[in-house]
$ cat model_21.txt   # compact mmCIF, C-alpha atoms
# COMPACT_ATOMS: atom_id res chain seq x y z
CA MET A 6 22.84 -180.69 -103.86
CA ARG A 7 22.13 -184.35 -104.41
CA ASP A 8 22.40 -186.91 -101.63
CA TRP A 9 25.46 -188.74 -103.02
CA GLU A 10 27.29 -185.46 -103.65
CA ARG A 11 26.84 -184.59 -99.98
CA ARG A 12 28.00 -188.06 -98.84
CA VAL A 13 31.25 -188.02 -100.84
CA ASN A 14 31.88 -184.27 -100.52
CA ALA A 15 31.98 -183.77 -104.29
CA PRO A 16 33.39 -180.38 -105.34
CA GLY A 17 30.91 -180.00 -108.21
CA ARG A 18 27.37 -180.01 -106.89
CA THR A 19 24.29 -180.45 -109.05
CA PRO A 20 21.57 -178.02 -107.95
CA TYR A 21 17.95 -178.49 -109.03
CA THR A 22 18.19 -175.26 -110.99
CA LEU A 23 21.04 -175.21 -113.46
CA PRO A 24 23.82 -172.73 -112.65
CA ALA A 25 24.30 -169.57 -114.68
CA ASP A 26 27.28 -169.21 -116.99
CA GLY A 27 30.45 -168.19 -115.20
CA LYS A 28 29.72 -170.05 -111.97
CA PRO A 29 32.20 -172.77 -110.93
CA TYR A 30 31.57 -176.00 -112.83
CA SER A 31 28.57 -174.44 -114.65
CA GLY A 32 29.55 -175.64 -118.12
CA LEU A 33 30.39 -179.10 -116.86
CA ILE A 34 27.18 -179.40 -114.86
CA VAL A 35 24.84 -178.03 -117.55
CA GLY A 36 26.42 -180.11 -120.31
CA SER A 37 26.50 -183.26 -118.20
CA VAL A 38 22.91 -182.90 -117.01
CA ARG A 39 21.61 -182.30 -120.54
CA LEU A 40 23.57 -185.21 -122.03
CA PHE A 41 22.54 -187.56 -119.22
CA HIS A 42 18.88 -186.56 -119.57
CA ARG A 43 18.96 -187.10 -123.34
CA LEU A 44 20.49 -190.54 -122.94
CA VAL A 45 17.85 -191.55 -120.37
CA GLU A 46 15.01 -190.30 -122.58
CA SER A 47 16.43 -191.81 -125.78
CA GLY A 48 14.67 -195.14 -125.36
CA SER A 49 15.41 -198.61 -124.09
CA ARG A 50 19.03 -198.68 -125.26
CA PHE A 51 20.09 -196.74 -122.16
CA ARG A 52 18.73 -197.95 -118.84
CA LEU A 53 19.68 -195.79 -115.86
CA LEU A 54 20.64 -197.63 -112.69
CA GLY A 55 17.71 -197.47 -110.27
CA LEU A 56 15.29 -195.56 -112.50
CA ASP A 57 11.92 -197.35 -112.55
CA GLY A 58 13.56 -200.14 -110.54
CA THR A 59 16.34 -200.92 -113.05
CA PRO A 60 18.80 -203.22 -111.23
CA ALA A 61 22.57 -203.05 -111.66
CA SER A 62 22.46 -206.26 -113.72
CA ASN A 63 20.24 -204.57 -116.32
CA SER A 64 21.72 -201.05 -116.23
CA THR A 65 23.56 -199.62 -119.20
CA LEU A 66 23.87 -196.09 -117.83
CA ILE A 67 25.48 -195.20 -114.51
CA GLU A 68 27.03 -192.19 -112.87
CA VAL A 69 30.50 -192.30 -111.37
CA PHE A 70 32.63 -189.85 -109.39
CA PRO A 71 36.29 -190.40 -110.35
CA GLY A 72 37.54 -188.20 -107.50
CA GLY A 73 35.94 -190.53 -104.99
CA ALA A 74 37.01 -193.62 -106.92
CA TRP A 75 40.68 -192.55 -106.79
CA LYS A 76 40.35 -192.24 -103.00
CA ALA A 77 38.68 -195.65 -102.72
CA VAL A 78 41.41 -197.49 -104.63
CA SER A 79 44.44 -195.67 -103.20
CA ASN A 80 44.05 -197.35 -99.79
CA GLY A 81 44.01 -194.04 -97.97
CA THR A 82 47.16 -192.73 -99.64
CA LYS A 83 46.71 -189.10 -100.64
CA LEU A 84 47.55 -188.79 -104.31
CA PRO A 85 49.33 -185.72 -105.68
CA THR A 86 47.11 -183.19 -107.46
CA LYS A 87 45.84 -184.73 -110.68
CA ARG A 88 46.78 -181.74 -112.82
CA THR A 89 50.49 -182.15 -112.05
CA LEU A 90 52.81 -184.55 -113.86
CA GLU A 91 53.48 -186.30 -110.54
CA GLY A 92 49.73 -186.70 -109.94
CA ARG A 93 49.08 -188.05 -113.43
CA GLN A 94 51.99 -190.49 -113.13
CA ALA A 95 50.74 -191.70 -109.73
CA ARG A 96 47.27 -192.32 -111.18
CA THR A 97 48.73 -194.06 -114.22
CA GLU A 98 50.71 -196.39 -111.94
CA LEU A 99 47.64 -197.03 -109.79
CA LEU A 100 45.56 -197.96 -112.85
CA SER A 101 48.35 -200.26 -113.99
CA ALA A 102 48.38 -201.94 -110.57
CA LEU A 103 44.61 -202.46 -110.95
CA GLY A 104 45.18 -204.23 -114.27
CA VAL A 105 44.17 -201.36 -116.55
CA GLN A 106 46.40 -201.17 -119.60
CA LEU A 107 46.45 -197.77 -121.25
CA PRO A 108 46.93 -197.59 -125.03
CA SER A 109 50.04 -195.42 -124.98
CA ASP A 110 53.29 -195.00 -123.06
CA ASP A 111 52.63 -191.23 -122.93
CA THR A 112 51.38 -189.95 -119.59
CA PRO A 113 47.62 -189.42 -120.01
CA THR A 114 45.87 -186.14 -119.22
CA ASP A 115 43.90 -185.85 -116.00
CA ASP A 116 40.65 -186.12 -117.99
CA GLN A 117 41.85 -189.28 -119.74
CA LEU A 118 42.78 -190.79 -116.38
CA ASP A 119 39.37 -189.91 -114.92
CA ALA A 120 37.70 -191.51 -117.97
CA ALA A 121 39.78 -194.67 -117.47
CA MET A 122 38.80 -194.73 -113.78
CA ALA A 123 35.13 -194.29 -114.73
CA ALA A 124 35.34 -197.21 -117.16
CA TRP A 125 37.11 -199.38 -114.58
CA THR A 126 34.42 -198.47 -112.02
CA ALA A 127 31.72 -199.57 -114.49
CA TYR A 128 33.58 -202.85 -114.89
CA LYS A 129 33.70 -203.28 -111.11
CA LEU A 130 29.91 -202.81 -110.98
CA TRP A 131 29.53 -205.46 -113.68
CA VAL A 132 31.60 -207.99 -111.67
CA GLY A 133 29.83 -207.13 -108.41
CA GLU A 134 32.71 -205.29 -106.75
CA ALA A 135 31.24 -201.81 -106.47
CA VAL A 136 29.29 -199.73 -104.00
CA ILE A 137 26.12 -197.89 -105.01
CA GLU A 138 25.78 -194.61 -103.08
CA GLY A 139 22.92 -192.20 -102.67
CA GLU A 140 19.22 -192.21 -103.29
CA GLY A 141 17.57 -193.83 -106.32
CA PRO A 142 16.67 -191.63 -109.27
CA ARG A 143 13.08 -190.61 -109.80
CA TRP A 144 11.21 -188.62 -112.42
CA ASP A 145 9.88 -185.21 -111.43
CA MET A 146 7.16 -185.04 -114.09
CA GLU A 147 6.14 -181.49 -113.18
CA ALA A 148 9.66 -180.13 -113.77
CA GLY A 149 10.51 -182.67 -116.50
CA VAL A 150 13.72 -183.74 -114.77
CA ILE A 151 15.28 -186.66 -112.95
CA ARG A 152 15.86 -186.05 -109.24
CA GLU A 153 18.66 -187.61 -107.19
CA GLY A 154 20.28 -190.73 -108.63
CA TYR A 155 22.92 -193.20 -107.61
CA VAL A 156 26.66 -192.90 -108.03
CA VAL A 157 28.75 -196.04 -108.42
CA GLN A 158 32.11 -196.30 -106.68
CA PRO A 159 34.59 -199.19 -106.61
CA ALA A 160 34.38 -201.18 -103.39
CA PRO A 161 37.22 -200.36 -100.97
CA ALA A 162 40.16 -202.71 -101.10
CA PRO A 163 39.99 -205.48 -98.45
CA GLU A 164 43.02 -203.98 -96.66
CA THR A 165 41.13 -200.68 -96.29
CA GLU A 166 38.05 -202.42 -94.88
CA ALA A 167 40.18 -204.35 -92.36
CA ALA A 168 42.02 -201.20 -91.28
CA GLU A 169 38.74 -199.32 -90.77
CA ALA A 170 37.32 -202.18 -88.68
CA ALA A 171 40.36 -202.20 -86.37
$ encode --input "model_21.txt" --output "structure tokens"
Amino acid sequence: MRDWERRVNAPGRTPYTLPADGKPYSGLIVGSVRLFHRLVESGSRFRLLGLDGTPASNSTLIEVFPGGAWKAVSNGTKLPTKRTLEGRQARTELLSALGVQLPSDDTPTDDQLDAAMAAWTAYKLWVGEAVIEGEGPRWDMEAGVIREGYVVQPAPAPETEAAEAA
């Protein structure tokens, strides 16, 4: 389990050995890890946040955790389950309140909403309103893999920070 996954209590954990088929999240984890690794190795077009000292201002590749981002922007309000119509509508309304305009009046799927949240989180990093969690990524040359890595989350709303300080 990576450091940031432990910190945010992510349900899908990335072990250092890829999970076997049939395990929870195995397809998602294996596919994501392989895609991410290919992008990082593809050359200078993709620059992973923190790898070899790459700062946020020069990063073109980041990792986000939409589940944590939804919590950060909902000001502590527990959202309905994202797979329900009520949950998808609540997330659609929240994105709208954040200034995100979706391309259709149809209620998006939970995956579309998570993708929109991931894009909005990347935007928040770009404008300096994000939090970078975890331990910086590093190459494990012996295993041929990247270990650890940061996850980017939107900064908590000012009201949330004030409430936590009180």
$ residues_around --input "model_21.txt" --residues "region 47-58 of chain A" --least-positions-apart "5" --cutoff "8 Å" --atoms "all atoms listed in the file" --output "PyMOL selection string"
chain A and resi 63-67+141-143+154-155
$ atom_distance --input "model_21.txt" --atom1 "CA of Gly36 (chain A)" --atom2 "CA of Thr114 (chain A)"
20.4 Å
$ atom_distance --input "model_21.txt" --atom1 "CA of Val136 (chain A)" --atom2 "CA of Pro161 (chain A)"
8.5 Å
$ closest_residue --input "model_21.txt" --among "A:Leu90, A:Ile151, A:Ala127, A:Val69" --to "Asp115 (chain A)" --atoms "only C-alpha atoms"
A:Leu90
$ atom_distance --input "model_21.txt" --atom1 "CA of Ser62 (chain A)" --atom2 "CA of Val38 (chain A)"
23.6 Å
$ residues_around --input "model_21.txt" --residues "Tyr128 (chain A)" --least-positions-apart "2" --cutoff "12 Å" --atoms "only C-alpha atoms" --output "MDAnalysis selection string"
chainID A and resid 61:62 65 67 69 103:105 121:126 130:135 157:160
$ closest_residue --input "model_21.txt" --among "A:Thr112, A:Ser37, A:Asn14, A:Thr59" --to "Glu91 (chain A)" --atoms "only C-alpha atoms"
A:Thr112
$ residues_around --input "model_21.txt" --residues "Leu84 (chain A)" --least-positions-apart "6" --cutoff "9 Å" --atoms "only C-alpha atoms" --output "list in words"
Trp75, Lys76, Glu91, Gly92, Ala95 and Arg96 of chain A
$ axis_aligned_box --input "model_21.txt" --around "region 126-129 of chain A" --padding-each-side "8 Å" --output "lines of an AutoDock Vina configuration file"
center_x = 33.1
center_y = -200.9
center_z = -113.0
size_x = 18.7
size_y = 20.8
size_z = 19.8
$ closest_residue --input "model_21.txt" --among "A:Gly73, A:Lys83, A:Ala102, A:Ala120" --to "Arg12 (chain A)" --atoms "all atoms listed in the file"
A:Gly73
$ residues_around --input "model_21.txt" --residues "Asp8 (chain A)" --least-positions-apart "4" --cutoff "8 Å" --atoms "only C-alpha atoms" --output "MDAnalysis selection string"
chainID A and resid 12 139:140 153
$ decode --input "model_21.txt" --residues "region 10-137 of chain A" --atoms "C-alpha atoms" --output "tab-separated table (two decimals), in the first residue's frame"
chain	number	residue	atom	x	y	z
A	10	GLU	CA	-3.47	5.53	-0.14
A	11	ARG	CA	-3.00	4.94	3.59
A	12	ARG	CA	-3.44	8.66	4.39
A	13	VAL	CA	-6.73	9.05	2.51
A	14	ASN	CA	-8.04	5.54	3.24
A	15	ALA	CA	-8.42	4.71	-0.45
A	16	PRO	CA	-10.49	1.56	-1.10
A	17	GLY	CA	-8.27	0.45	-4.00
A	18	ARG	CA	-4.72	-0.09	-2.79
A	19	THR	CA	-1.73	-0.45	-5.09
A	20	PRO	CA	0.55	-3.24	-3.83
A	21	TYR	CA	4.13	-3.56	-5.07
A	22	THR	CA	3.20	-6.86	-6.67
A	23	LEU	CA	0.26	-6.61	-9.03
A	24	PRO	CA	-2.88	-8.43	-7.88
A	25	ALA	CA	-4.05	-11.62	-9.55
A	26	ASP	CA	-7.15	-11.62	-11.73
A	27	GLY	CA	-10.36	-11.85	-9.73
A	28	LYS	CA	-9.13	-9.86	-6.74
A	29	PRO	CA	-11.01	-6.63	-5.91
A	30	TYR	CA	-9.89	-3.78	-8.16
A	31	SER	CA	-7.33	-6.05	-9.89
A	32	GLY	CA	-8.24	-5.02	-13.44
A	33	LEU	CA	-8.36	-1.36	-12.51
A	34	ILE	CA	-5.05	-1.49	-10.66
A	35	VAL	CA	-3.15	-3.53	-13.27
A	36	GLY	CA	-4.46	-1.46	-16.18
A	37	SER	CA	-3.84	1.83	-14.41
A	38	VAL	CA	-0.32	0.92	-13.30
A	39	ARG	CA	0.66	-0.25	-16.78
A	40	LEU	CA	-0.80	2.82	-18.51
A	41	PHE	CA	0.79	5.20	-15.99
A	42	HIS	CA	4.18	3.48	-16.35
A	43	ARG	CA	4.01	3.66	-20.15
A	44	LEU	CA	3.17	7.36	-20.06
A	45	VAL	CA	6.07	8.09	-17.70
A	46	GLU	CA	8.52	6.12	-19.85
A	47	SER	CA	7.24	7.56	-23.15
A	48	GLY	CA	9.61	10.52	-23.13
A	49	SER	CA	9.59	14.17	-22.20
A	50	ARG	CA	5.99	14.82	-23.26
A	51	PHE	CA	4.75	13.42	-19.94
A	52	ARG	CA	6.47	14.66	-16.81
A	53	LEU	CA	5.30	13.01	-13.59
A	54	LEU	CA	4.86	15.30	-10.60
A	55	GLY	CA	7.83	14.81	-8.27
A	56	LEU	CA	9.74	12.27	-10.37
A	57	ASP	CA	13.37	13.38	-10.71
A	58	GLY	CA	12.38	16.61	-8.95
A	59	THR	CA	9.67	17.66	-11.44
A	60	PRO	CA	7.77	20.54	-9.79
A	61	ALA	CA	4.02	21.06	-10.08
A	62	SER	CA	4.61	23.97	-12.46
A	63	ASN	CA	6.35	21.66	-14.95
A	64	SER	CA	4.25	18.51	-14.44
A	65	THR	CA	2.03	17.17	-17.19
A	66	LEU	CA	1.14	13.92	-15.45
A	67	ILE	CA	-0.43	13.67	-12.00
A	68	GLU	CA	-2.43	11.18	-10.01
A	69	VAL	CA	-5.74	12.08	-8.43
A	70	PHE	CA	-8.18	10.29	-6.13
A	71	PRO	CA	-11.72	11.43	-7.02
A	72	GLY	CA	-13.21	9.78	-3.92
A	73	GLY	CA	-11.08	12.00	-1.72
A	74	ALA	CA	-11.66	15.03	-3.93
A	75	TRP	CA	-15.45	14.70	-3.57
A	76	LYS	CA	-14.99	14.70	0.22
A	77	ALA	CA	-12.71	17.73	0.09
A	78	VAL	CA	-15.14	19.87	-1.91
A	79	SER	CA	-18.38	18.80	-0.20
A	80	ASN	CA	-17.51	20.69	3.00
A	81	GLY	CA	-17.99	17.63	5.15
A	82	THR	CA	-21.41	16.79	3.73
A	83	LYS	CA	-21.70	13.06	3.10
A	84	LEU	CA	-22.76	12.57	-0.50
A	85	PRO	CA	-25.15	9.77	-1.49
A	86	THR	CA	-23.53	6.71	-3.06
A	87	LYS	CA	-22.17	7.67	-6.47
A	88	ARG	CA	-23.75	4.72	-8.25
A	89	THR	CA	-27.27	5.89	-7.41
A	90	LEU	CA	-29.20	8.51	-9.38
A	91	GLU	CA	-29.37	10.66	-6.24
A	92	GLY	CA	-25.58	10.40	-5.81
A	93	ARG	CA	-24.87	11.26	-9.44
A	94	GLN	CA	-27.25	14.23	-9.30
A	95	ALA	CA	-25.63	15.50	-6.08
A	96	ARG	CA	-22.19	15.31	-7.70
A	97	THR	CA	-23.45	17.00	-10.86
A	98	GLU	CA	-24.85	19.86	-8.76
A	99	LEU	CA	-21.60	20.11	-6.79
A	100	LEU	CA	-19.55	20.33	-9.99
A	101	SER	CA	-21.91	23.00	-11.28
A	102	ALA	CA	-21.46	24.97	-8.05
A	103	LEU	CA	-17.68	24.73	-8.61
A	104	GLY	CA	-18.08	26.26	-12.07
A	105	VAL	CA	-17.74	23.04	-14.07
A	106	GLN	CA	-20.11	22.98	-17.01
A	107	LEU	CA	-20.88	19.51	-18.30
A	108	PRO	CA	-21.58	19.07	-22.02
A	109	SER	CA	-25.03	17.54	-21.65
A	110	ASP	CA	-28.19	17.93	-19.60
A	111	ASP	CA	-28.24	14.14	-19.09
A	112	THR	CA	-27.08	12.97	-15.68
A	113	PRO	CA	-23.51	11.69	-16.16
A	114	THR	CA	-22.37	8.23	-15.10
A	115	ASP	CA	-20.32	7.88	-11.93
A	116	ASP	CA	-17.18	7.34	-14.03
A	117	GLN	CA	-17.86	10.49	-16.07
A	118	LEU	CA	-18.32	12.46	-12.86
A	119	ASP	CA	-15.07	11.10	-11.42
A	120	ALA	CA	-13.29	12.05	-14.67
A	121	ALA	CA	-14.71	15.57	-14.44
A	122	MET	CA	-13.56	15.80	-10.81
A	123	ALA	CA	-10.08	14.58	-11.82
A	124	ALA	CA	-9.88	17.25	-14.53
A	125	TRP	CA	-11.08	19.95	-12.13
A	126	THR	CA	-8.48	18.80	-9.58
A	127	ALA	CA	-5.74	19.12	-12.23
A	128	TYR	CA	-6.99	22.65	-12.92
A	129	LYS	CA	-6.83	23.44	-9.20
A	130	LEU	CA	-3.19	22.28	-9.14
A	131	TRP	CA	-2.47	24.54	-12.11
A	132	VAL	CA	-3.92	27.60	-10.31
A	133	GLY	CA	-2.18	26.74	-7.03
A	134	GLU	CA	-5.27	25.64	-5.11
A	135	ALA	CA	-4.45	21.99	-4.51
A	136	VAL	CA	-2.80	19.82	-1.90
A	137	ILE	CA	-0.08	17.33	-2.81
